[in-house]
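Here is the file model10.txt (compact mmCIF, C-alpha atoms).
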# COMPACT_ATOMS: atom_id res chain seq x y z
CA MET A 1 17.87 -14.95 -2.55
CA SER A 2 19.83 -11.75 -3.27
CA LEU A 3 18.88 -8.40 -4.73
CA ALA A 4 19.56 -9.79 -8.21
CA GLY A 5 15.93 -10.85 -8.44
CA ALA A 6 14.81 -7.26 -7.97
CA ASP A 7 16.96 -5.61 -10.62
CA MET A 8 15.05 -3.21 -12.84
CA GLN A 9 15.63 -3.82 -16.54
CA GLU A 10 12.78 -1.67 -17.87
CA PHE A 11 14.70 1.60 -17.53
CA ILE A 12 17.56 0.53 -19.79
CA ASP A 13 17.84 1.75 -23.36
CA GLN A 14 20.62 -0.50 -24.63
CA GLU A 15 20.67 0.90 -28.15
CA ARG A 16 21.04 4.50 -27.02
CA PHE A 17 23.69 3.60 -24.44
CA GLU A 18 25.75 1.79 -27.08
CA GLN A 19 25.64 4.79 -29.40
CA ILE A 20 26.69 7.16 -26.60
CA ARG A 21 29.51 4.80 -25.66
CA LYS A 22 30.79 4.68 -29.24
CA ASP A 23 30.65 8.47 -29.53
CA ALA A 24 32.65 8.81 -26.29
CA LEU A 25 35.31 6.38 -27.51
CA CYS A 26 35.63 8.31 -30.77
CA SER A 27 36.16 11.46 -28.73
CA VAL A 28 38.82 9.69 -26.65
CA ARG A 29 40.69 8.66 -29.80
CA GLN A 30 40.54 12.20 -31.16
CA HIS A 31 42.12 13.41 -27.92
CA LYS A 32 44.91 10.84 -28.42
CA GLY A 33 44.39 8.60 -25.47
CA ILE A 34 42.24 7.23 -22.67
CA GLY A 35 41.74 9.54 -19.73
CA THR A 36 42.82 12.72 -21.55
CA LEU A 37 39.34 14.25 -21.60
CA LYS A 38 38.42 16.86 -19.01
CA GLU A 39 36.22 14.27 -17.29
CA LYS A 40 36.60 10.53 -16.97
CA THR A 41 34.89 8.37 -19.55
CA VAL A 42 32.31 6.63 -17.32
CA HIS A 43 31.13 9.98 -15.99
CA ALA A 44 30.91 11.47 -19.49
CA VAL A 45 28.99 8.50 -20.93
CA LEU A 46 26.48 8.40 -18.07
CA LYS A 47 25.89 12.14 -18.24
CA ASP A 48 24.94 11.86 -21.91
CA TYR A 49 22.88 8.73 -21.23
CA TYR A 50 20.75 10.33 -18.51
CA THR A 51 20.18 13.42 -20.60
CA PRO A 52 21.27 14.00 -24.21
CA GLU A 53 20.26 17.66 -23.92
CA ARG A 54 23.55 19.57 -23.57
CA GLU A 55 21.83 22.70 -22.26
CA MET A 56 20.74 20.63 -19.24
CA GLN A 57 24.32 19.57 -18.45
CA GLU A 58 26.73 21.44 -16.17
CA VAL A 59 24.10 23.95 -15.07
CA ARG A 60 24.81 26.62 -12.47
CA LEU A 61 22.30 26.22 -9.65
CA LYS A 62 22.22 27.67 -6.14
CA GLY A 63 25.90 28.63 -6.30
CA TYR A 64 27.02 25.18 -7.51
CA VAL A 65 27.25 23.33 -10.81
CA ALA A 66 24.75 20.46 -11.20
CA ASP A 67 25.79 17.64 -13.53
CA ILE A 68 22.24 17.67 -14.89
CA PHE A 69 19.38 20.06 -14.17
CA THR A 70 16.18 19.47 -16.12
CA GLY A 71 14.41 22.51 -14.70
CA SER A 72 12.52 20.40 -12.19
CA GLU A 73 15.09 17.88 -10.91
CA VAL A 74 18.83 17.44 -10.37
CA ILE A 75 20.94 14.42 -11.36
CA GLU A 76 24.42 14.07 -9.91
CA ILE A 77 26.73 11.40 -11.33
CA GLN A 78 29.23 10.42 -8.66
CA THR A 79 31.83 7.69 -9.11
CA ALA A 80 33.36 8.16 -5.63
CA GLY A 81 33.75 10.68 -2.83
CA PHE A 82 30.15 11.16 -1.71
CA ASN A 83 31.40 13.47 1.06
CA ARG A 84 31.92 16.08 -1.67
CA LEU A 85 28.16 16.03 -2.34
CA ARG A 86 27.08 17.29 1.07
CA GLU A 87 27.14 21.01 0.31
CA LYS A 88 25.29 20.49 -2.97
CA LEU A 89 22.65 18.38 -1.23
CA ASP A 90 22.19 21.10 1.39
CA ARG A 91 21.37 23.54 -1.40
CA PHE A 92 19.46 21.34 -3.83
CA LEU A 93 17.31 19.01 -1.70
CA PRO A 94 15.05 21.64 -0.08
CA GLU A 95 13.78 22.66 -3.54
CA TYR A 96 14.37 19.81 -6.01
CA PRO A 97 14.33 16.03 -6.24
CA VAL A 98 17.97 14.90 -6.50
CA THR A 99 19.02 11.59 -8.02
CA ILE A 100 22.55 10.38 -7.30
CA VAL A 101 23.80 8.07 -10.04
CA TYR A 102 26.55 5.76 -8.76
CA PRO A 103 27.92 3.31 -11.37
CA ILE A 104 28.80 -0.18 -10.14
CA PRO A 105 31.27 -2.35 -12.08
CA GLY A 106 29.66 -5.68 -12.94
CA THR A 107 32.26 -7.63 -14.89
CA LYS A 108 35.60 -5.86 -15.15
CA TRP A 109 38.69 -6.36 -17.30
CA ILE A 110 41.89 -4.79 -15.93
CA SER A 111 44.89 -3.55 -17.91
CA TRP A 112 48.09 -2.07 -16.47
CA ILE A 113 49.89 0.93 -17.95
CA ASP A 114 53.63 1.45 -17.45
CA GLU A 115 54.05 5.23 -17.24
CA GLN A 116 57.74 5.04 -18.13
CA THR A 117 57.38 2.98 -21.32
CA GLY A 118 53.74 3.66 -22.21
CA VAL A 119 53.17 -0.10 -22.60
CA CYS A 120 49.66 -1.34 -21.74
CA SER A 121 49.21 -4.96 -20.67
CA SER A 122 46.59 -7.30 -22.12
CA PRO A 123 43.29 -7.13 -20.19
CA ARG A 124 42.60 -9.72 -17.51
CA LYS A 125 39.14 -10.45 -16.16
CA SER A 126 38.72 -9.55 -12.50
CA PRO A 127 37.19 -12.26 -10.29
CA VAL A 128 35.38 -9.56 -8.28
CA LYS A 129 31.71 -8.98 -9.15
CA GLY A 130 29.95 -5.77 -8.28
CA ASN A 131 26.80 -5.49 -6.16
CA VAL A 132 24.67 -2.73 -4.65
CA TYR A 133 25.94 -3.46 -1.14
CA LYS A 134 29.37 -2.08 -2.10
CA ALA A 135 27.78 1.35 -2.53
CA PHE A 136 27.18 1.61 1.22
CA TYR A 137 30.81 2.65 1.81
CA GLU A 138 29.87 5.86 -0.03
CA LEU A 139 26.29 6.09 1.27
CA TYR A 140 27.63 6.21 4.83
CA LYS A 141 29.26 9.55 3.96
CA ILE A 142 25.84 11.10 3.26
CA LYS A 143 23.92 9.17 5.91
CA PRO A 144 21.98 12.20 7.30
CA TYR A 145 20.56 12.92 3.83
CA LEU A 146 19.26 9.41 3.09
CA LYS A 147 15.95 10.04 4.86
CA ASP A 148 15.17 13.09 2.77
CA PRO A 149 12.12 12.29 0.58
CA ASN A 150 13.69 14.30 -2.27
CA LEU A 151 16.77 12.06 -2.46
CA ARG A 152 16.82 9.15 -4.90
CA LEU A 153 19.55 6.68 -5.78
CA CYS A 154 20.29 5.03 -9.10
CA PHE A 155 22.86 2.25 -9.54
CA PRO A 156 23.68 1.41 -13.17
CA PHE A 157 25.68 -1.80 -13.50
CA LEU A 158 28.41 -1.47 -16.12
CA ASP A 159 30.68 -4.08 -17.59
CA MET A 160 33.88 -2.14 -18.11
CA GLU A 161 37.54 -2.04 -18.99
CA GLU A 162 39.65 -0.52 -16.24
CA TYR A 163 43.10 0.95 -16.81
CA ARG A 164 45.48 1.23 -13.86
CA LEU A 165 48.91 2.82 -13.56
CA LEU A 166 51.90 0.81 -12.40
CA ASN A 167 52.79 3.34 -9.71
CA GLY A 168 52.04 1.45 -6.49
CA TRP A 169 54.36 0.83 -3.57
CA SER A 170 54.73 -2.97 -3.88
CA ARG A 171 57.49 -4.72 -5.83
CA ASP A 172 55.17 -5.32 -8.80
CA ARG A 173 53.95 -1.68 -8.43
CA LYS A 174 50.30 -2.83 -8.29
CA LYS A 175 49.40 -2.43 -4.60
CA GLY A 176 48.31 1.12 -3.94
CA ALA A 177 48.34 1.88 -7.67
CA GLY A 178 46.25 4.68 -9.15
CA ARG A 179 43.31 4.21 -11.50
CA TYR A 180 43.73 5.93 -14.84
CA ASP A 181 40.32 5.50 -16.44
CA ARG A 182 37.37 3.15 -16.86
CA ILE A 183 35.77 2.51 -20.24
CA PRO A 184 32.15 1.22 -20.26
CA VAL A 185 31.57 -1.90 -22.35
CA SER A 186 27.86 -2.39 -21.68
CA LEU A 187 25.03 -1.34 -19.37
CA THR A 188 23.64 -4.60 -18.02
CA ARG A 189 21.01 -3.51 -15.50
CA GLU A 190 19.92 -0.75 -13.19
CA VAL A 191 18.71 -0.66 -9.59
CA ARG A 192 16.82 2.36 -8.21
CA PHE A 193 15.85 3.42 -4.71
CA ASP A 194 13.19 6.12 -5.01
CA ARG A 195 11.86 5.88 -1.47
CA ILE A 196 12.83 4.36 1.89
CA GLU A 197 10.64 1.29 1.28
CA ASP A 198 12.83 0.31 -1.69
CA TYR A 199 15.72 -0.45 0.68
CA GLY A 200 13.68 -3.41 1.91
CA ARG A 201 14.73 -5.25 -1.25
CA LEU A 202 18.23 -5.49 0.19
CA ILE A 203 17.05 -8.06 2.74
CA PRO A 204 16.59 -11.51 1.12
CA ALA A 205 13.00 -12.68 1.44
CA ASP A 206 14.11 -16.12 2.62
CA LEU A 207 16.47 -14.86 5.36
CA PRO A 208 15.11 -16.20 8.70
CA GLU A 209 14.44 -13.67 11.46
CA PRO A 210 15.97 -12.55 13.68
CA PHE A 211 19.35 -12.49 11.95
CA THR A 212 22.87 -11.29 12.75
CA SER A 213 25.28 -9.36 10.57
CA ALA A 214 27.19 -12.61 9.98
CA GLU A 215 24.03 -14.39 8.80
CA PHE A 216 23.13 -11.45 6.58
CA ALA A 217 26.66 -11.38 5.11
CA LYS A 218 26.43 -15.07 4.24
CA ALA A 219 22.94 -14.69 2.71
CA VAL A 220 24.00 -11.91 0.33
CA SER A 221 27.63 -13.04 -0.19
CA ILE A 222 29.44 -9.99 1.13
CA PRO A 223 32.25 -9.60 3.73
CA LYS A 224 31.23 -9.28 7.38
CA LYS A 225 32.67 -5.77 7.67
CA GLU A 226 30.59 -4.68 4.67
CA SER A 227 27.54 -6.35 6.17
CA GLY A 228 27.88 -4.31 9.36
CA ARG A 229 27.95 -1.08 7.35
CA VAL A 230 24.84 -2.03 5.35
CA LEU A 231 22.86 -3.02 8.43
CA HIS A 232 23.92 0.16 10.25
CA ILE A 233 22.36 2.25 7.47
CA LEU A 234 19.25 0.06 7.20
CA ASN A 235 18.76 0.34 10.95
CA TYR A 236 19.17 4.14 10.73
CA LEU A 237 16.54 4.24 7.96
CA GLN A 238 14.26 2.02 10.10
CA VAL A 239 14.12 -0.64 7.40
CA ILE A 240 15.22 -3.07 10.12
CA GLU A 241 15.46 -2.80 13.90
CA ARG A 242 17.56 -4.37 16.62
CA CYS A 243 15.79 -6.86 18.84
CA GLY A 244 18.50 -8.18 21.14
CA LYS A 245 21.85 -9.88 20.85
CA LYS A 246 23.29 -13.27 19.95
CA GLY A 247 26.61 -13.45 21.71
CA ARG A 248 28.39 -10.23 20.78
CA LEU A 249 26.32 -9.63 17.64
CA TYR A 250 23.09 -7.65 17.37
CA LEU A 251 19.94 -9.41 16.20
CA TYR A 252 17.75 -7.73 13.59
CA ILE A 253 14.19 -8.05 12.32
CA ARG A 254 12.51 -6.36 9.36
CA LYS A 255 10.40 -3.25 9.83
CA ILE A 256 9.81 -2.82 6.10
CA GLN A 257 8.77 -5.97 4.28
CA ASN A 258 10.67 -7.14 1.21
CA LYS A 259 8.59 -6.04 -1.81
CA GLU A 260 8.65 -9.43 -3.50
CA GLU A 261 7.67 -11.13 -0.27
CA SER A 262 4.82 -8.62 0.16
CA ASN A 263 3.59 -9.19 -3.39
CA GLU A 264 3.65 -12.94 -2.85
CA SER A 265 1.59 -12.68 0.34
CA HIS A 266 -0.99 -10.53 -1.47
CA LYS A 267 -1.29 -13.14 -4.21
CA LYS A 268 -1.90 -15.86 -1.62
CA SER A 269 -4.54 -13.77 0.17
CA ASP A 270 -6.35 -13.21 -3.13
CA HIS A 271 -6.88 -16.96 -3.66
So that I can check it, write out the structure of this file as C-alpha cells.
Amino acid sequence: MSLAGADMQEFIDQERFEQIRKDALCSVRQHKGIGTLKEKTVHAVLKDYYTPEREMQEVRLKGYVADIFTGSEVIEIQTAGFNRLREKLDRFLPEYPVTIVYPIPGTKWISWIDEQTGVCSSPRKSPVKGNVYKAFYELYKIKPYLKDPNLRLCFPFLDMEEYRLLNGWSRDRKKGAGRYDRIPVSLTREVRFDRIEDYGRLIPADLPEPFTSAEFAKAVSIPKKESGRVLHILNYLQVIERCGKKGRLYLYIRKIQNKEESNESHKKSDH
C-alpha cells in the first residue's frame, strides 16, 4: 500500500480553485502570453487559493517578504529551490507557524515552444506520475528545519499543462531545455504533514520489517536513489531507525507507527 490511501481530500475547495484558475488564465491572456506575468502561473494560482485576501499577500515580515502572512502564521509557496528558504525560516519559525506549500504535478501534458518561430507543439501526456516522495529532493535542502514544531508541509497535487522551450543541448533541443511555465488544470488532492508523526504515513502499513532501501523503493514504486534520500530524512526525523545491515544495505524498522495501521489495531482491541 502507498501513501495514496492517506491523501486528504477534505481540505480541497474545487469550486473556488477552478474560479481562481480561470481568473489567472484571463490575466495571462490580457498580458498576451503564458509566462509573461511577474510570477509564474502555478505560484500565482496557489497564492490566491490559500488566501484570497490581497492584504495578506506579499507582506514584509522580519526583513523579508512572506508570500502570505495572516497575522498569526506564514505560508510560503515554493515550486523549487528550498535552499532559498533557509534565511526566511531562520527569521519566521521562532515566532510563527510556517507552512511550505510545494505543488506536485499529478498528470502532466507537455508542449514545446520554438523560441525562433513562436510555434507551440500539441500537448502530449507525460508517462511520469507525481508523488510525495519526489519532494524529498527539496526537503533535504532544509533538513535541519524539519524537526521544528512550527514547520508544516502541504503538498497540493495539480494536473497541469507544462510549456518547455526548445533550447536544450541535444539534437532535438529537448535535453537540458528550460521550463517556460506551468498552467494548473485541476487540484486533485492534498497531503499535509503538520507534525513529525505524519511522516509515518510514508511507510506502507504492509511493508515487512526490517526492510532495506531497495525493498522500500519497490513497495512505493520509486527509484532506489530516491528511496535512499527518503529513508535518510525519515531516519533523521526518527520516524524509522537502523537496526543492522543486509549485505551492503541498511535495515530499517519503524519508530513511528503508520497512522492507518495504528487505527486498525485500535479497532481490533475495541472488539
Could you pull the residues within 9 Å of Val185 of chain A, counting all atoms listed in the file, minus those fewer than 2 positions along the same chain, as number ranges by chain?
A: 18, 21, 158-161, 183, 187
May I have the residues within 10 Å of Gln238 of chain A as JSON, numbers by chain, using all atoms listed in the file and disregarding those fewer than 5 positions away in the same chain?
{"A": [147, 196, 197, 199, 200, 232, 233, 254, 255, 256]}
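Residues surrounding Phe92 of chain A within 10 Å are Leu61, Lys62, Tyr64, Ala66, Glu73, Val74, Arg86, Glu87, Lys88, Leu89, Asp90, Pro94, Glu95, Tyr96, Pro97, Val98, Asn150 and Leu151 of chain A [all atoms listed in the file; sequence separation below 2 positions excluded].
Closest approach to Pro184 of chain A from the set A:Leu251, A:Leu93, A:Ile104, A:Ile75 is made by A:Ile104, with distances taken over all atoms listed in the file.
Here the question is which of A:Gly176, A:Gly228, A:Gly244, A:Pro103 gets nearest to Lys47 of chain A using all atoms listed in the file, and that residue is A:Pro103.
The residue that comes closest to Pro156 of chain A, out of A:Ile77, A:Val191, A:Ile113, A:Leu202 and on the basis of only C-alpha atoms, is A:Val191.
Of the listed residues (A:Glu138, A:Asp181, A:Glu241, A:Glu215), A:Asp181 comes nearest to Ala44 of chain A; the distances count only C-alpha atoms.
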